[in-house]
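Enquirer: CSV, C-alpha atoms and all ligand atoms, file my_file-v9.csv:
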chain,number,residue,atom,x,y,z
E,1,MET,CA,0.0,0.0,0.0
E,2,HIS,CA,2.8,2.4,0.9
E,3,GLN,CA,4.4,2.2,-2.5
E,4,ILE,CA,1.1,2.7,-4.3
E,5,GLN,CA,0.2,5.8,-2.2
E,6,LEU,CA,3.7,7.2,-2.7
E,7,ALA,CA,3.3,6.7,-6.5
E,8,CYS,CA,0.0,8.7,-6.4
E,9,LEU,CA,1.8,11.6,-4.5
E,10,VAL,CA,4.8,11.6,-6.9
E,11,ARG,CA,2.6,11.7,-10.0
E,12,HIS,CA,-0.4,13.8,-8.8
E,13,LEU,CA,0.5,16.3,-6.2
E,14,ASP,CA,-0.4,19.8,-7.0
E,15,PRO,CA,2.7,21.5,-8.6
E,16,HIS,CA,2.9,24.2,-6.0
E,17,ARG,CA,3.0,21.8,-3.1
E,18,ARG,CA,4.9,18.9,-4.7
E,19,ASP,CA,8.5,19.7,-3.7
E,20,GLU,CA,7.6,20.6,-0.1
E,21,ILE,CA,5.6,17.4,0.5
E,22,LEU,CA,8.0,15.1,-1.3
E,23,SER,CA,11.1,16.5,0.4
E,24,GLY,CA,9.3,16.1,3.8
E,25,ILE,CA,8.5,12.5,2.9
E,26,ALA,CA,12.1,11.8,1.8
E,27,ARG,CA,13.4,13.4,5.1
E,28,ASP,CA,11.0,11.8,7.6
E,29,GLN,CA,10.3,8.5,5.8
E,30,PRO,CA,6.7,8.2,6.9
E,31,LEU,CA,4.8,4.9,6.5
E,32,ILE,CA,1.8,5.8,4.3
E,33,ALA,CA,-1.5,3.8,4.6
E,34,SER,CA,-4.5,3.8,2.3
E,35,SER,CA,-8.1,4.2,3.2
E,36,THR,CA,-10.3,3.5,0.2
E,37,THR,CA,-12.5,0.7,1.5
E,38,GLU,CA,-15.5,2.1,3.3
E,39,GLY,CA,-18.2,0.4,5.3
E,40,SER,CA,-21.2,1.1,3.1
E,41,THR,CA,-19.5,1.0,-0.4
E,42,GLY,CA,-17.0,-1.9,0.4
E,43,GLY,CA,-14.5,-2.6,-2.3
E,44,ASP,CA,-16.2,-0.2,-4.8
E,45,MET,CA,-13.3,2.3,-5.2
E,46,SER,CA,-15.3,4.5,-7.6
E,47,ARG,CA,-17.7,5.7,-4.9
E,48,SER,CA,-17.3,7.3,-1.4
E,49,GLU,CA,-20.0,8.0,1.2
E,50,CYS,CA,-17.8,10.1,3.4
E,51,ALA,CA,-17.2,13.7,2.4
E,52,ILE,CA,-14.7,16.5,2.8
E,53,LEU,CA,-16.3,19.2,5.1
E,54,ALA,CA,-14.3,22.4,4.5
E,55,HIS,CA,-14.1,25.2,7.1
E,56,GLY,CA,-11.5,27.9,6.5
E,57,ASP,CA,-8.1,26.4,5.8
E,58,MET,CA,-9.1,23.1,7.3
E,59,PHE,CA,-11.4,20.2,6.6
E,60,HIS,CA,-13.2,17.6,8.7
E,61,LEU,CA,-13.6,14.0,7.6
E,62,THR,CA,-15.4,11.1,9.2
E,63,LYS,CA,-14.9,7.7,7.5
E,64,ALA,CA,-15.8,4.1,8.4
E,65,SER,CA,-12.4,2.8,7.3
E,66,SER,CA,-13.4,-0.9,7.3
E,67,VAL,CA,-10.1,-2.3,6.1
E,68,MET,CA,-6.8,-0.4,6.5
E,69,SER,CA,-3.5,-2.2,6.4
E,70,TYR,CA,-1.1,-1.2,9.2
E,71,GLY,CA,-3.6,1.6,10.0
E,72,ALA,CA,-2.6,1.8,13.6
E,73,GLU,CA,1.1,2.1,12.7
E,74,ALA,CA,0.9,4.5,9.8
E,75,ASP,CA,2.4,8.0,9.9
E,76,MET,CA,0.2,9.3,7.1
E,77,ILE,CA,-3.0,8.1,5.5
E,78,LEU,CA,-4.3,8.9,2.0
E,79,ALA,CA,-8.1,8.6,2.0
E,80,THR,CA,-10.7,8.8,-0.7
E,81,ALA,CA,-13.8,10.9,0.0
E,82,ARG,CA,-16.5,12.9,-1.8
E,83,ARG,CA,-15.4,16.4,-2.8
E,84,SER,CA,-18.0,18.0,-0.5
E,85,PRO,CA,-21.2,16.9,1.4
E,86,ASP,CA,-23.4,17.8,-1.6
E,87,ALA,CA,-21.2,16.1,-4.2
E,88,PRO,CA,-22.3,12.8,-5.8
E,89,THR,CA,-20.7,9.6,-4.5
E,90,THR,CA,-18.6,9.4,-7.7
E,91,ASP,CA,-17.1,12.9,-7.4
E,92,GLN,CA,-14.1,11.8,-5.3
E,93,VAL,CA,-10.9,13.4,-4.1
E,94,LEU,CA,-7.8,12.0,-2.5
E,95,ALA,CA,-6.8,13.6,0.8
E,96,ILE,CA,-3.6,13.6,2.7
E,97,LEU,CA,-4.2,12.9,6.4
E,98,PRO,CA,-1.0,13.5,8.5
E,99,ARG,CA,-1.2,11.1,11.6
E,100,GLU,CA,-1.3,14.0,14.1
E,101,CYS,CA,-4.5,15.2,12.4
E,102,VAL,CA,-6.2,11.8,12.7
E,103,SER,CA,-8.0,10.0,15.5
E,104,LEU,CA,-8.6,6.3,14.9
E,105,THR,CA,-11.0,4.1,16.9
E,106,ARG,CA,-10.4,0.4,16.3
E,107,ARG,CA,-13.7,-1.3,15.4
E,108,GLY,CA,-12.3,-4.8,14.6
E,109,ASP,CA,-9.1,-6.8,14.6
E,110,TRP,CA,-7.6,-8.5,11.6
E,111,ARG,CA,-8.2,-12.2,12.2
E,112,SER,CA,-7.8,-13.4,8.7
E,113,LEU,CA,-7.0,-16.7,6.9
E,114,GLY,CA,-3.7,-15.2,5.6
E,115,MET,CA,-2.0,-11.9,5.0
E,116,ARG,CA,-1.9,-11.5,8.8
E,117,GLY,CA,1.2,-9.4,8.8
E,118,THR,CA,-0.6,-6.6,7.0
E,119,ARG,CA,-2.6,-6.0,10.2
E,120,SER,CA,-5.6,-4.7,8.1
E,121,GLY,CA,-7.9,-3.7,10.9
E,122,SER,CA,-11.2,-1.9,10.9
E,123,PHE,CA,-11.3,1.7,12.2
E,124,ASP,CA,-13.6,4.7,12.6
E,125,LEU,CA,-11.5,7.5,11.2
E,126,LEU,CA,-11.9,11.1,12.3
E,127,ALA,CA,-9.6,13.8,10.7
E,128,GLU,CA,-9.2,17.5,11.1
E,129,ALA,CA,-6.5,18.3,8.5
E,130,PRO,CA,-5.3,21.2,6.3
E,131,LEU,CA,-7.4,21.7,3.2
E,132,SER,CA,-4.2,22.1,1.2
E,133,GLY,CA,-3.7,18.4,1.6
E,134,VAL,CA,-6.6,17.6,-0.7
E,135,LEU,CA,-5.3,16.9,-4.1
E,136,GLN,CA,-6.8,19.1,-6.8
E,137,GLN,CA,-6.9,16.4,-9.5
E,138,PRO,CA,-10.2,14.3,-9.4
E,139,TYR,CA,-9.6,10.9,-7.8
E,140,ARG,CA,-11.1,9.3,-10.9
E,141,ASP,CA,-8.1,10.4,-12.9
E,142,ILE,CA,-5.5,9.5,-10.2
E,143,HIS,CA,-7.1,6.1,-10.0
E,144,ALA,CA,-7.0,5.4,-13.7
E,145,ALA,CA,-3.5,6.8,-14.2
E,146,THR,CA,-1.7,5.5,-11.1
E,147,MET,CA,-3.6,4.0,-8.2
E,148,GLU,CA,-5.1,1.0,-10.1
E,149,PRO,CA,-2.2,0.2,-12.5
E,150,VAL,CA,0.5,0.5,-9.8
E,151,ALA,CA,-1.6,-1.6,-7.3
E,152,HIS,CA,-2.3,-4.3,-9.8
E,153,LEU,CA,1.4,-4.5,-10.8
E,154,LEU,CA,2.7,-4.5,-7.3
E,155,TRP,CA,0.1,-7.0,-6.0
E,156,GLY,CA,0.6,-9.1,-9.1
E,157,ALA,CA,4.3,-9.3,-8.4
E,158,VAL,CA,3.7,-10.2,-4.8
E,159,TRP,CA,1.3,-13.0,-5.8
E,160,CYS,CA,3.7,-14.3,-8.3
E,161,GLY,CA,6.4,-14.4,-5.6
E,162,ILE,CA,4.1,-16.3,-3.3
E,163,ALA,CA,3.3,-18.8,-6.0
E,164,SER,CA,7.0,-19.2,-6.9
E,165,GLU,CA,7.7,-20.2,-3.3
E,166,ALA,CA,5.0,-22.9,-3.4
E,167,LEU,CA,6.1,-24.1,-6.9
E,168,GLU,CA,9.8,-24.3,-5.7
E,169,THR,CA,8.6,-26.4,-2.8
E,170,ALA,CA,6.8,-28.7,-5.3
E,171,ARG,CA,9.9,-28.8,-7.5
E,172,ARG,CA,12.0,-29.9,-4.5
E,173,PHE,CA,9.4,-32.5,-3.6
E,174,LEU,CA,9.4,-33.9,-7.1
E,175,ARG,CA,13.2,-34.0,-7.3
E,176,ARG,CA,13.3,-36.0,-4.1
E,177,ALA,CA,10.6,-38.4,-5.4
E,178,ALA,CA,12.6,-38.8,-8.6
E,179,VAL,CA,15.8,-39.7,-6.8
E,180,ARG,CA,13.9,-42.1,-4.5
E,181,GLY,CA,12.2,-43.7,-7.6
E,182,GLY,CA,15.6,-44.3,-9.2
E,183,GLY,CA,15.2,-41.5,-11.7
E,184,SER,CA,11.8,-42.5,-13.1
E,185,SER,CA,9.2,-39.7,-13.7
E,186,PRO,CA,7.5,-39.0,-10.4
E,187,PRO,CA,3.7,-38.7,-10.3
E,188,GLY,CA,2.7,-35.0,-10.5
E,189,LEU,CA,5.2,-34.1,-13.2
E,190,ASP,CA,2.4,-33.1,-15.6
E,191,LEU,CA,0.7,-31.0,-13.0
E,192,PHE,CA,4.1,-29.3,-12.2
E,193,ALA,CA,4.6,-28.6,-15.9
E,194,GLU,CA,1.1,-27.0,-16.2
E,195,ALA,CA,1.7,-24.9,-13.0
E,196,LEU,CA,5.2,-23.9,-14.2
E,197,GLY,CA,3.7,-22.8,-17.6
E,198,ASP,CA,1.1,-20.6,-15.9
E,199,HIS,CA,3.8,-19.1,-13.7
E,200,ILE,CA,6.0,-18.3,-16.7
E,201,SER,CA,3.0,-16.7,-18.5
E,202,ALA,CA,2.1,-14.7,-15.4
E,203,ARG,CA,5.6,-13.3,-15.2
E,204,SER,CA,5.5,-12.4,-18.9
E,205,LEU,CA,2.2,-10.7,-18.5
E,206,LEU,CA,3.6,-8.7,-15.5
E,207,GLU,CA,6.8,-7.8,-17.3
E,208,SER,CA,4.9,-6.5,-20.4
E,209,ALA,CA,2.4,-4.6,-18.2
E,210,ALA,CA,5.2,-3.0,-16.2
E,211,ALA,CA,7.1,-2.0,-19.4
E,212,ALA,CA,3.8,-0.5,-20.8
E,213,PHE,CA,3.3,1.4,-17.5
E,214,ASP,CA,6.9,2.7,-17.6
E,215,ALA,CA,6.5,3.8,-21.2
E,216,GLY,CA,3.5,5.9,-20.1
E,217,ALA,CA,0.0,4.8,-20.7
E,218,ASP,CA,-1.9,6.8,-23.3
E,219,LEU,CA,-4.9,8.2,-21.4
E,220,SER,CA,-5.4,11.1,-23.8
E,221,SER,CA,-8.7,9.8,-25.3
E,222,HIS,CA,-11.7,8.0,-24.0
E,223,ARG,CA,-10.8,5.0,-26.2
E,224,ALA,CA,-7.3,4.8,-24.8
E,225,MET,CA,-8.6,5.0,-21.2
E,226,VAL,CA,-11.1,2.2,-21.8
E,227,GLY,CA,-8.3,0.0,-23.2
E,228,ALA,CA,-5.9,0.8,-20.4
E,229,GLY,CA,-8.6,0.2,-17.7
E,230,ALA,CA,-9.6,-3.1,-19.2
E,231,ALA,CA,-5.9,-4.2,-19.4
E,232,SER,CA,-5.2,-3.3,-15.8
E,233,ALA,CA,-8.3,-5.0,-14.5
E,234,ASN,CA,-7.5,-8.1,-16.6
E,235,LEU,CA,-4.0,-8.2,-15.3
E,236,LYS,CA,-5.3,-8.4,-11.7
E,237,VAL,CA,-7.9,-11.0,-12.5
E,238,GLN,CA,-5.5,-13.2,-14.5
E,239,ILE,CA,-2.6,-13.1,-12.0
E,240,SER,CA,-4.7,-13.5,-8.9
E,241,GLU,CA,-6.6,-16.5,-10.2
E,242,GLY,CA,-3.6,-18.0,-12.0
E,243,MET,CA,-1.4,-17.8,-8.9
E,244,LEU,CA,-4.0,-19.3,-6.6
E,245,SER,CA,-4.3,-22.2,-9.1
E,246,VAL,CA,-0.4,-22.6,-9.1
E,247,VAL,CA,-0.4,-22.8,-5.3
E,248,LEU,CA,-3.3,-25.3,-5.2
E,249,ARG,CA,-1.4,-27.5,-7.8
E,250,SER,CA,1.7,-27.2,-5.7
E,251,LEU,CA,-0.3,-28.5,-2.7
E,252,LYS,CA,-1.6,-31.4,-4.8
E,253,ILE,CA,1.9,-32.3,-5.9
E,254,CYS,CA,3.3,-32.3,-2.4
E,255,GLY,CA,0.2,-34.2,-1.1
E,256,LEU,CA,0.1,-34.7,2.6
E,257,ALA,CA,3.5,-33.1,3.0
E,258,GLY,CA,2.1,-30.0,1.5
E,259,TYR,CA,-1.1,-30.1,3.5
E,260,ARG,CA,0.8,-30.3,6.8
E,261,THR,CA,1.6,-27.1,8.6
E,262,ASP,CA,5.1,-28.3,9.5
E,263,GLY,CA,8.0,-29.9,7.5
E,264,ASP,CA,10.0,-28.9,4.4
E,265,HIS,CA,7.2,-29.3,1.9
E,266,SER,CA,4.3,-27.5,3.6
E,267,VAL,CA,2.6,-24.8,1.5
E,268,GLU,CA,0.3,-23.7,4.2
E,269,ARG,CA,1.5,-20.1,4.4
E,270,GLN,CA,1.4,-19.6,0.7
E,271,LEU,CA,-2.0,-21.1,0.4
E,272,ARG,CA,-3.4,-18.9,3.2
E,273,ASP,CA,-1.9,-15.7,1.7
E,274,ILE,CA,-2.8,-16.3,-1.9
E,275,CYS,CA,-6.5,-16.8,-1.0
E,276,SER,CA,-6.6,-13.1,-0.5
E,277,ALA,CA,-5.7,-12.3,-4.1
E,278,PRO,CA,-9.1,-12.8,-5.9
E,279,ILE,CA,-11.0,-11.0,-3.2
E,280,MET,CA,-8.6,-8.0,-2.7
E,281,ILE,CA,-10.9,-5.9,-4.8
E,282,ASN,CA,-13.2,-8.7,-5.7
E,283,ASN,CA,-12.6,-10.2,-9.2
E,284,PHE,CA,-16.4,-10.1,-9.6
E,285,ARG,CA,-16.2,-6.4,-9.6
E,286,LEU,CA,-13.3,-6.3,-12.0
E,287,ARG,CA,-14.9,-8.8,-14.4
E,288,GLU,CA,-18.0,-6.7,-14.5
E,289,SER,CA,-16.0,-3.6,-15.4
E,290,ILE,CA,-13.9,-5.5,-18.0
E,291,GLY,CA,-17.2,-6.6,-19.5
E,292,LYS,CA,-18.7,-3.1,-19.6
E,293,LEU,CA,-15.5,-1.6,-21.0
E,294,GLY,CA,-15.3,-4.3,-23.5
E,295,LEU,CA,-18.8,-3.6,-24.8
E,296,VAL,CA,-17.9,-0.1,-25.9
E,297,GLN,CA,-15.3,-0.9,-28.5
E,298,GLU,CA,-14.6,-3.6,-31.0
E,299,VAL,CA,-12.4,-6.5,-30.2
E,300,ARG,CA,-8.9,-6.1,-31.7
E,301,SER,CA,-7.0,-8.8,-33.5
E,302,TRP,CA,-3.2,-9.3,-33.1
E,303,GLY,CA,-1.1,-6.3,-34.1
E,304,LYS,CA,-3.9,-3.8,-34.5
E,401,LIG,C1,-4.7,-8.2,2.6
E,401,LIG,C2,-5.7,-7.1,2.4
E,401,LIG,C3,-5.3,-5.8,2.6
E,401,LIG,C4,-6.1,-4.7,2.4
E,401,LIG,N1,-5.7,-3.5,2.7
E,401,LIG,C5,-6.5,-2.4,2.5
E,401,LIG,C6,-6.1,-1.1,2.8
E,401,LIG,O1,-5.0,-0.9,3.3
E,401,LIG,N2,-6.9,-0.1,2.6
E,401,LIG,C7,-8.2,-0.3,2.0
E,401,LIG,O2,-8.9,0.7,1.9
E,401,LIG,N3,-8.6,-1.5,1.8
E,401,LIG,C8,-7.8,-2.6,2.0
E,401,LIG,N4,-8.3,-3.9,1.7
E,401,LIG,C9,-9.6,-4.1,1.2
E,401,LIG,C10,-9.7,-4.2,-0.3
E,401,LIG,O3,-9.2,-3.1,-1.0
E,401,LIG,C11,-11.2,-4.4,-0.8
E,401,LIG,O4,-11.9,-3.3,-0.5
E,401,LIG,C12,-11.8,-5.6,-0.1
E,401,LIG,O5,-11.0,-6.7,-0.4
E,401,LIG,C13,-13.2,-5.8,-0.7
E,401,LIG,O6,-13.8,-6.6,0.3
E,401,LIG,P1,-15.3,-7.2,0.2
E,401,LIG,O7,-15.3,-8.5,-0.6
E,401,LIG,O8,-15.9,-7.2,1.5
E,401,LIG,O9,-16.1,-6.1,-0.5
E,401,LIG,P2,-16.8,-6.0,-1.8
E,401,LIG,O10,-16.0,-5.9,-3.0
E,401,LIG,O11,-17.7,-4.8,-1.6
E,401,LIG,O12,-17.6,-7.3,-2.0
E,401,LIG,C14,-18.6,-7.7,-1.1
E,401,LIG,C15,-19.4,-8.8,-1.6
E,401,LIG,O13,-20.2,-8.4,-2.8
E,401,LIG,C16,-19.9,-9.2,-3.9
E,401,LIG,N5,-19.8,-8.2,-5.0
E,401,LIG,C17,-19.2,-7.0,-5.0
E,401,LIG,N6,-19.3,-6.4,-6.2
E,401,LIG,C18,-20.0,-7.2,-7.0
E,401,LIG,C19,-20.4,-7.2,-8.4
E,401,LIG,N7,-20.1,-6.1,-9.1
E,401,LIG,N8,-21.0,-8.2,-8.8
E,401,LIG,C20,-21.3,-9.3,-8.1
E,401,LIG,N9,-20.9,-9.4,-6.8
E,401,LIG,C21,-20.3,-8.4,-6.3
E,401,LIG,C22,-18.5,-9.8,-3.6
E,401,LIG,O14,-18.5,-11.1,-4.3
E,401,LIG,C23,-18.5,-10.0,-2.2
E,401,LIG,O15,-19.1,-11.2,-1.7
E,401,LIG,C24,-7.4,-5.0,1.9
E,401,LIG,C25,-7.8,-6.3,1.6
E,401,LIG,C26,-7.0,-7.3,1.8
E,401,LIG,C27,-7.4,-8.7,1.5
Would you mind writing the structure in this file as structure tokens?
Expert:
Amino acid sequence: MHQIQLACLVRHLDPHRRDEILSGIARDQPLIASSTTEGSTGGDMSRSECAILAHGDMFHLTKASSVMSYGAEADMILATARRSPDAPTTDQVLAILPRECVSLTRRGDWRSLGMRGTRSGSFDLLAEAPLSGVLQQPYRDIHAATMEPVAHLLWGAVWCGIASEALETARRFLRRAAVRGGGSSPPGLDLFAEALGDHISARSLLESAAAAFDAGADLSSHRAMVGAGAASANLKVQISEGMLSVVLRSLKICGLAGYRTDGDHSVERQLRDICSAPIMINNFRLRESIGKLGLVQEVRSWGK
């Protein structure tokens, strides 16, 4: 989350405040958390219920921040909110909340299947912060240009890493079985080849998406934005489901040794963690948006 929020600041801070804020971050090295998920709107990042309530140079914000990784430890929070109390839920801004301007009341612990180290608890957030910390650019544009593509690239790389650990465990298991079997092909080799193929494909997909992002996505026209949005959503869906499947196949290859929570061939940790991938912004939501975006322009063939 920290890297994603930092990317948003680097690319979207208002020019007159950019140097001051970034040099402060470079000097103080704050840990930056993200508060997009909200009680009533859940994982729908395109809508906010909470709103910026401006008064003088300051603003007030109350948000049911239902999932916030390392929220209690963060030095700064970037939160999405409606631009004002009378703005529609889709008219969102991104606001910088320095920790000293925030009061957090914990509403729930993070007792999850996996990803426990993220400490993504539930909080009632109350902020009284300088209005100059509200980014001028609409959140919709920040989301399309940076928040979503960077999140999907970074998460995808993490999920690929989790899957590679499980697959490496399966490889060691198979090598041991091959040695014990006098060099004959061990059972599970086909499954390993399939999983390895999916892992190689996921890495290629990530590498080409990262190169495209570095080259600068063309968001100049509606058509280009639609294409970039669908590609970014598709990256997340493909990698999250593909890597879950790789870990599950690694479990099958290792059998009981993989299912156990101890021993050299356990894939317990990887399985618990990778289960978060398809629901971390639910793939149902992303598929729906890929489908809607796909309807507005013709399907392209290779090279077009
Ligand atoms: C490890 C981890 C760390 C996280 N850290 C943060 C963080 O730091 N900050 C933050 O703001 N959030 C964070 N989140 C939350 C995340 O960004 C999503 O908001 C969250 O995963 C969505 O949870 P949800 O399934 O309850 O919500 P929703 O996406 O609202 O889904 C709720 C239910 O509705 C269904 N549903 C939703 N949309 C549709 C649809 N269009 N069609 C059909 N069914 C639908 C889903 O299947 C689901 O069952 C984190 C999540 C995880 C797993």
Enquirer: Neighbours of ligand LIG 401 (chain E) within 7 Å, counting all atoms listed in the file, as a ChimeraX atom specification?
Expert: /E:1,33-38,41-44,65,67-69,115,118,120,276-277,279-282,284-285,288
Enquirer: Go through E:Ser46, E:Thr169, E:Thr146, E:Ser40 one by one, measure the shortest atom-to-atom distance of each to Ala228 of chain E using only C-alpha atoms, and give the residue with the smallest value.
Expert: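 With only C-alpha atoms as the atom set, the closest residue is E:Thr146.
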Enquirer: Nearest residue to Asp273 of chain E out of E:Val299, E:Ala209, E:Leu113, E:Leu153, using all atoms listed in the file?
Expert: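 Going through E:Val299, E:Ala209, E:Leu113, E:Leu153 one by one, the smallest distance to Asp273 of chain E is for E:Leu113.
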Enquirer: Report as a list in words all protein, DNA and RNA residues lying within 12 Å of Gly242 of chain E, evaluated on all atoms listed in the file, omitting residues in the same chain fewer than 5 positions from it.
Expert: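 Selected residues are Gly156, Trp159, Cys160, Ile162, Ala163, Ser164, Glu194, Ala195, Leu196, Gly197, Asp198, His199, Ile200, Ser201, Ala202, Arg203, Leu205, Asn234, Leu235, Lys236, Val237, Val247, Leu248, Arg249, Ile274, Cys275, Ala277 and Pro278 of chain E.
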Enquirer: Give me, please, the distance in Å between atom CA of Leu22 of chain E and atom CA of Leu206 of chain E, quoted to one decimal.
Expert: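 Separation of atom CA of Leu22 of chain E and atom CA of Leu206 of chain E: 28.1 Å.
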Enquirer: In Å to one decimal, how far is atom CA of Ala26 of chain E from atom CA of Leu61 of chain E?
Expert: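 These atoms are spaced 26.4 Å apart.
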Enquirer: Grab the atom CA of Ile52 of chain E to atom CA of Ala79 of chain E distance for me, in Å with one decimal place.
Expert: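 These atoms are spaced 10.3 Å apart.
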Enquirer: Given the choices E:Gly216, E:Pro138, E:Gly258, E:Gly291, which gets closest to Arg83 of chain E if the distance is worked out from only C-alpha atoms?
Expert: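 Nearest candidate to Arg83 of chain E out of E:Gly216, E:Pro138, E:Gly258, E:Gly291: E:Pro138.
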Enquirer: Got a sec: who's within 10 Å of Met58 of chain E, counting all atoms listed in the file, leaving out chain neighbours fewer than 5 positions off, as a list in words?
Expert: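 After dropping sequence-adjacent residues, the list is Ile52, Leu53, Ala127, Glu128, Ala129, Pro130, Leu131, Ser132 and Gly133 of chain E.
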Enquirer: Dump as a VMD selection string all residues having an atom at most 7 Å from (-10.0, 11.7, -1.6), computed in the file's coordinates with all atoms listed in the file.
Expert: chain E and resid 79 to 82 92 to 95 134 139
Enquirer: Could you turn the residues from that selection into a file that holds C-alpha atoms, as an mmCIF file, in the frame of the given file?
Expert:
data_model
loop_
_atom_site.group_PDB
_atom_site.id
_atom_site.type_symbol
_atom_site.label_atom_id
_atom_site.label_comp_id
_atom_site.auth_asym_id
_atom_site.auth_seq_id
_atom_site.Cartn_x
_atom_site.Cartn_y
_atom_site.Cartn_z
ATOM 1 C CA ALA E 79 -8.100 8.600 2.000
ATOM 2 C CA THR E 80 -10.700 8.800 -0.700
ATOM 3 C CA ALA E 81 -13.800 10.900 0.000
ATOM 4 C CA ARG E 82 -16.500 12.900 -1.800
ATOM 5 C CA GLN E 92 -14.100 11.800 -5.300
ATOM 6 C CA VAL E 93 -10.900 13.400 -4.100
ATOM 7 C CA LEU E 94 -7.800 12.000 -2.500
ATOM 8 C CA ALA E 95 -6.800 13.600 0.800
ATOM 9 C CA VAL E 134 -6.600 17.600 -0.700
ATOM 10 C CA TYR E 139 -9.600 10.900 -7.800
#
Enquirer: For each of E:Lys63, E:Glu148, E:Arg176, E:Gln136, take the minimum atom-to-atom distance to Phe123 of chain E, counting all atoms listed in the file, then give the residue where this is smallest.
Expert: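 Selected residue with least distance to Phe123 of chain E: E:Lys63.
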Enquirer: With only C-alpha atoms as the atoms that count, which of E:Gln297, E:Ser245, E:Ser66, E:Ser122 lies nearest to Ala166 of chain E?
Expert: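 So, comparing all the options, the nearest one is E:Ser245.
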Enquirer: May I ask which of the residues E:Ala54, E:Phe213, E:Gly161, E:Gly227 is the closest one to Met243 of chain E, counting all atoms listed in the file?
Expert: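 For Met243 of chain E, the nearest of the candidates is E:Gly161.
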Enquirer: Every residue with an atom at most 7 Å from (-11.5, 0.9, -26.7) (file coordinates; only C-alpha atoms) is what I'm after, so could you write them as a PDB file with C-alpha atoms, keeping the file's coordinate frame?
Expert:
ATOM      1  CA  ARG E 223     -10.800   5.000 -26.200  1.00  0.00           C
ATOM      2  CA  ALA E 224      -7.300   4.800 -24.800  1.00  0.00           C
ATOM      3  CA  VAL E 226     -11.100   2.200 -21.800  1.00  0.00           C
ATOM      4  CA  GLY E 227      -8.300   0.000 -23.200  1.00  0.00           C
ATOM      5  CA  VAL E 296     -17.900  -0.100 -25.900  1.00  0.00           C
ATOM      6  CA  GLN E 297     -15.300  -0.900 -28.500  1.00  0.00           C
ATOM      7  CA  GLU E 298     -14.600  -3.600 -31.000  1.00  0.00           C
TER       8      GLU E 298
END
Enquirer: Using only C-alpha atoms, determine which residues lie at most 12 Å from Val10 of chain E, disregarding the query and same-chain residues fewer than 2 positions distant; provide the list as a list in words.
Expert: Gln3, Ile4, Gln5, Leu6, Ala7, Cys8, His12, Leu13, Asp14, Pro15, Arg17, Arg18, Asp19, Glu20, Ile21, Leu22, Ser23, Ile25, Ala26, Leu135, Ile142, Thr146 and Met147 of chain E
Enquirer: Can you tell me which residues surround Gly229 of chain E at a distance of at most 8 Å, considering only C-alpha atoms, apart from same-chain residues fewer than 5 positions away, and format the answer as a list in words?
Expert: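 The residues satisfying every condition are Ala144, Ile290 and Leu293 of chain E.
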